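Student: Below you'll find coords-v4.cif; it's mmCIF, N, CA and C atoms.
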data_structure
loop_
_atom_site.label_atom_id
_atom_site.label_comp_id
_atom_site.auth_asym_id
_atom_site.auth_seq_id
_atom_site.Cartn_x
_atom_site.Cartn_y
_atom_site.Cartn_z
N MET M 115 -17.83 -88.03 -21.15
CA MET M 115 -16.97 -87.54 -22.20
C MET M 115 -15.83 -86.77 -21.56
N ASP M 116 -14.63 -87.16 -21.85
CA ASP M 116 -13.46 -86.49 -21.31
C ASP M 116 -13.16 -85.22 -22.11
N ILE M 117 -12.75 -84.22 -21.38
CA ILE M 117 -12.37 -82.97 -22.04
C ILE M 117 -10.89 -83.06 -22.38
N THR M 118 -10.62 -82.98 -23.66
CA THR M 118 -9.25 -83.01 -24.14
C THR M 118 -8.99 -81.72 -24.89
N PRO M 119 -7.73 -81.40 -25.10
CA PRO M 119 -7.44 -80.19 -25.88
C PRO M 119 -8.07 -80.24 -27.27
N ALA M 120 -8.09 -81.41 -27.88
CA ALA M 120 -8.69 -81.53 -29.22
C ALA M 120 -10.19 -81.25 -29.16
N ASN M 121 -10.87 -81.78 -28.14
CA ASN M 121 -12.30 -81.52 -27.99
C ASN M 121 -12.58 -80.05 -27.76
N ALA M 122 -11.74 -79.42 -26.95
CA ALA M 122 -11.91 -78.00 -26.67
C ALA M 122 -11.76 -77.18 -27.95
N VAL M 123 -10.79 -77.55 -28.78
CA VAL M 123 -10.57 -76.83 -30.04
C VAL M 123 -11.76 -77.01 -30.97
N VAL M 124 -12.26 -78.23 -31.06
CA VAL M 124 -13.41 -78.50 -31.94
C VAL M 124 -14.63 -77.72 -31.47
N GLN M 125 -14.87 -77.70 -30.17
CA GLN M 125 -16.02 -76.95 -29.64
C GLN M 125 -15.87 -75.45 -29.89
N THR M 126 -14.67 -74.95 -29.73
CA THR M 126 -14.44 -73.53 -29.97
C THR M 126 -14.64 -73.19 -31.44
N GLN M 127 -14.16 -74.03 -32.33
CA GLN M 127 -14.35 -73.79 -33.76
C GLN M 127 -15.82 -73.85 -34.14
N ALA M 128 -16.54 -74.81 -33.57
CA ALA M 128 -17.97 -74.92 -33.87
C ALA M 128 -18.72 -73.69 -33.37
N ARG M 129 -18.39 -73.23 -32.19
CA ARG M 129 -19.04 -72.05 -31.63
C ARG M 129 -18.74 -70.82 -32.49
N THR M 130 -17.50 -70.69 -32.92
CA THR M 130 -17.11 -69.56 -33.77
C THR M 130 -17.85 -69.60 -35.10
N GLN M 131 -17.95 -70.77 -35.71
CA GLN M 131 -18.67 -70.90 -36.98
C GLN M 131 -20.15 -70.57 -36.79
N ASN M 132 -20.75 -71.01 -35.69
CA ASN M 132 -22.15 -70.69 -35.42
C ASN M 132 -22.34 -69.19 -35.25
N GLU M 133 -21.46 -68.55 -34.49
CA GLU M 133 -21.57 -67.11 -34.28
C GLU M 133 -21.44 -66.36 -35.61
N PHE M 134 -20.52 -66.79 -36.45
CA PHE M 134 -20.34 -66.15 -37.75
C PHE M 134 -21.58 -66.34 -38.61
N ALA M 135 -22.13 -67.55 -38.62
CA ALA M 135 -23.33 -67.81 -39.41
C ALA M 135 -24.50 -66.95 -38.95
N VAL M 136 -24.65 -66.80 -37.66
CA VAL M 136 -25.73 -65.96 -37.13
C VAL M 136 -25.53 -64.51 -37.54
N ARG M 137 -24.29 -64.03 -37.49
CA ARG M 137 -24.01 -62.65 -37.91
C ARG M 137 -24.34 -62.44 -39.38
N VAL M 138 -23.99 -63.41 -40.22
CA VAL M 138 -24.28 -63.30 -41.65
C VAL M 138 -25.78 -63.27 -41.87
N LEU M 139 -26.51 -64.16 -41.19
CA LEU M 139 -27.96 -64.19 -41.35
C LEU M 139 -28.61 -62.91 -40.85
N ARG M 140 -28.13 -62.37 -39.74
CA ARG M 140 -28.67 -61.10 -39.25
C ARG M 140 -28.44 -59.98 -40.24
N LYS M 141 -27.25 -59.95 -40.83
CA LYS M 141 -26.95 -58.91 -41.82
C LYS M 141 -27.86 -59.05 -43.04
N ALA M 142 -28.08 -60.28 -43.49
CA ALA M 142 -28.97 -60.52 -44.63
C ALA M 142 -30.39 -60.08 -44.29
N LEU M 143 -30.84 -60.37 -43.09
CA LEU M 143 -32.18 -59.97 -42.66
C LEU M 143 -32.28 -58.45 -42.58
N ASP M 144 -31.25 -57.80 -42.05
CA ASP M 144 -31.25 -56.34 -41.98
C ASP M 144 -31.31 -55.72 -43.38
N LEU M 145 -30.55 -56.29 -44.31
CA LEU M 145 -30.57 -55.78 -45.68
C LEU M 145 -31.94 -55.96 -46.32
N SER M 146 -32.56 -57.11 -46.10
CA SER M 146 -33.89 -57.35 -46.65
C SER M 146 -34.91 -56.39 -46.07
N ALA M 147 -34.83 -56.14 -44.78
CA ALA M 147 -35.75 -55.20 -44.14
C ALA M 147 -35.53 -53.79 -44.68
N GLU M 148 -34.28 -53.42 -44.87
CA GLU M 148 -33.98 -52.10 -45.41
C GLU M 148 -34.50 -51.96 -46.84
N GLN M 149 -34.34 -52.99 -47.65
CA GLN M 149 -34.84 -52.95 -49.02
C GLN M 149 -36.36 -52.88 -49.04
N GLY M 150 -37.02 -53.60 -48.14
CA GLY M 150 -38.47 -53.54 -48.06
C GLY M 150 -38.96 -52.16 -47.67
N ALA M 151 -38.27 -51.55 -46.72
CA ALA M 151 -38.64 -50.19 -46.30
C ALA M 151 -38.43 -49.20 -47.44
N ASP M 152 -37.32 -49.36 -48.17
CA ASP M 152 -37.07 -48.49 -49.33
C ASP M 152 -38.16 -48.64 -50.38
N LEU M 153 -38.56 -49.87 -50.64
CA LEU M 153 -39.63 -50.13 -51.62
C LEU M 153 -40.94 -49.51 -51.17
N ALA M 154 -41.26 -49.64 -49.90
CA ALA M 154 -42.49 -49.04 -49.38
C ALA M 154 -42.45 -47.52 -49.53
N ARG M 155 -41.28 -46.92 -49.27
CA ARG M 155 -41.16 -45.46 -49.44
C ARG M 155 -41.33 -45.06 -50.89
N MET M 156 -40.75 -45.83 -51.80
CA MET M 156 -40.87 -45.52 -53.23
C MET M 156 -42.33 -45.60 -53.68
N VAL M 157 -43.05 -46.61 -53.23
CA VAL M 157 -44.46 -46.75 -53.61
C VAL M 157 -45.26 -45.60 -53.04
N ALA M 158 -44.96 -45.21 -51.80
CA ALA M 158 -45.68 -44.11 -51.17
C ALA M 158 -45.43 -42.79 -51.90
N GLN M 159 -44.23 -42.61 -52.43
CA GLN M 159 -43.90 -41.37 -53.12
C GLN M 159 -44.34 -41.37 -54.58
N ALA M 160 -44.81 -42.49 -55.08
CA ALA M 160 -45.13 -42.61 -56.50
C ALA M 160 -46.48 -42.01 -56.86
N GLY M 161 -47.13 -41.39 -55.93
CA GLY M 161 -48.39 -40.72 -56.23
C GLY M 161 -49.52 -41.67 -56.58
N GLY M 162 -49.69 -42.69 -55.82
CA GLY M 162 -50.81 -43.61 -56.03
C GLY M 162 -50.48 -44.81 -56.87
N VAL M 163 -49.31 -44.86 -57.48
CA VAL M 163 -48.95 -46.00 -58.29
C VAL M 163 -48.79 -47.22 -57.36
N GLY M 164 -49.45 -48.28 -57.72
CA GLY M 164 -49.36 -49.49 -56.92
C GLY M 164 -50.29 -49.53 -55.73
N GLN M 165 -51.12 -48.50 -55.58
CA GLN M 165 -52.03 -48.46 -54.45
C GLN M 165 -53.31 -49.25 -54.71
N ARG M 166 -53.65 -49.38 -55.98
CA ARG M 166 -54.88 -50.10 -56.32
C ARG M 166 -54.53 -51.26 -57.26
N VAL M 167 -55.33 -52.30 -57.18
CA VAL M 167 -55.14 -53.47 -58.05
C VAL M 167 -56.24 -53.47 -59.09
N ASP M 168 -55.86 -53.61 -60.36
CA ASP M 168 -56.84 -53.67 -61.44
C ASP M 168 -57.38 -55.09 -61.52
N LEU M 169 -58.60 -55.26 -61.10
CA LEU M 169 -59.21 -56.60 -61.06
C LEU M 169 -59.74 -57.02 -62.42
N TYR M 170 -59.80 -56.11 -63.39
CA TYR M 170 -60.38 -56.41 -64.70
C TYR M 170 -59.34 -56.67 -65.75
N ALA M 171 -58.09 -56.67 -65.40
CA ALA M 171 -57.03 -56.85 -66.39
C ALA M 171 -56.94 -58.29 -66.86
#
With the file now loaded, output its structure as C-alpha coordinates.
Tutor:
Amino acid sequence: MDITPANAVVQTQARTQNEFAVRVLRKALDLSAEQGADLARMVAQAGGVGQRVDLYA
(Lines of atoms letter the chains of each structure in order from A and count residues from 1; the text may use other names and numbers.)
(Lines give C-alpha, C1' and ligand atoms only; values in the text may rest on other atoms or scores of the structure.)
Protein backbone atom coordinates (compact mmCIF):
# COMPACT_ATOMS: atom_id res chain seq x y z
CA MET A 1 0.00 0.00 0.00
CA ASP A 2 1.48 3.30 -1.06
CA ILE A 3 1.43 6.18 1.34
CA THR A 4 -0.23 9.15 -0.27
CA PRO A 5 -1.29 12.46 1.21
CA ALA A 6 -4.92 11.35 0.95
CA ASN A 7 -4.19 8.12 2.84
CA ALA A 8 -2.32 10.04 5.52
CA VAL A 9 -5.28 12.41 5.95
CA VAL A 10 -7.75 9.53 6.19
CA GLN A 11 -5.61 7.74 8.78
CA THR A 12 -5.22 10.91 10.81
CA GLN A 13 -8.96 11.57 10.75
CA ALA A 14 -9.71 7.99 11.77
CA ARG A 15 -7.22 8.18 14.64
CA THR A 16 -8.71 11.49 15.79
CA GLN A 17 -12.25 10.09 15.69
CA ASN A 18 -11.14 7.03 17.67
CA GLU A 19 -9.43 9.17 20.30
CA PHE A 20 -12.53 11.34 20.62
CA ALA A 21 -14.79 8.30 20.94
CA VAL A 22 -12.59 6.85 23.67
CA ARG A 23 -12.64 10.16 25.56
CA VAL A 24 -16.44 10.30 25.36
CA LEU A 25 -16.75 6.72 26.60
CA ARG A 26 -14.33 7.35 29.46
CA LYS A 27 -16.30 10.41 30.50
CA ALA A 28 -19.56 8.43 30.40
CA LEU A 29 -17.97 5.68 32.49
CA ASP A 30 -16.64 8.22 34.99
CA LEU A 31 -20.10 9.78 35.30
CA SER A 32 -21.71 6.38 35.83
CA ALA A 33 -19.17 5.49 38.50
CA GLU A 34 -19.73 8.82 40.21
CA GLN A 35 -23.51 8.34 40.17
CA GLY A 36 -23.12 4.84 41.59
CA ALA A 37 -20.93 6.12 44.39
CA ASP A 38 -23.44 8.88 45.13
CA LEU A 39 -26.26 6.34 45.27
CA ALA A 40 -24.28 4.11 47.61
CA ARG A 41 -23.63 7.10 49.89
CA MET A 42 -27.32 8.02 49.90
CA VAL A 43 -28.34 4.47 50.83
CA ALA A 44 -25.71 4.38 53.58
CA GLN A 45 -26.99 7.66 55.01
CA ALA A 46 -30.65 6.63 54.82
CA GLY A 47 -30.53 4.86 58.16
CA GLY A 48 -31.07 1.30 57.03
CA VAL A 49 -33.40 2.02 54.14
CA GLY A 50 -32.62 -0.41 51.36
CA GLN A 51 -30.40 -2.56 53.54
CA ARG A 52 -32.84 -5.43 53.80
CA VAL A 53 -35.07 -7.08 51.22
CA ASP A 54 -38.65 -7.96 52.15
CA LEU A 55 -39.01 -11.53 50.96
CA TYR A 56 -42.70 -11.72 51.95
CA ALA A 57 -44.00 -8.85 49.86
Student: To one decimal place in Å, what is the distance between atom CA of M:Ala128 and atom CA of M:Asp116?
Tutor: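 Here the two named atoms are 17.7 Å from each other.
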Student: For the atom pair atom CA of M:Glu148 and atom CA of M:Asp168, what is the interatomic distance in Å to one decimal place?
Tutor: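 For atom CA of M:Glu148 relative to atom CA of M:Asp168, the distance reads 28.0 Å.
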Student: How many Å lie between atom C of M:Val138 and atom N of M:Arg155, rounded to one decimal?
Tutor: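 Rounded to one decimal, the two atoms are 23.7 Å apart.
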Student: From chain M, collect each residue whose DSSP state is helix (DSSP H, G or I) and return the set as a PyMOL selection string.
Tutor: chain M and resi 119-159
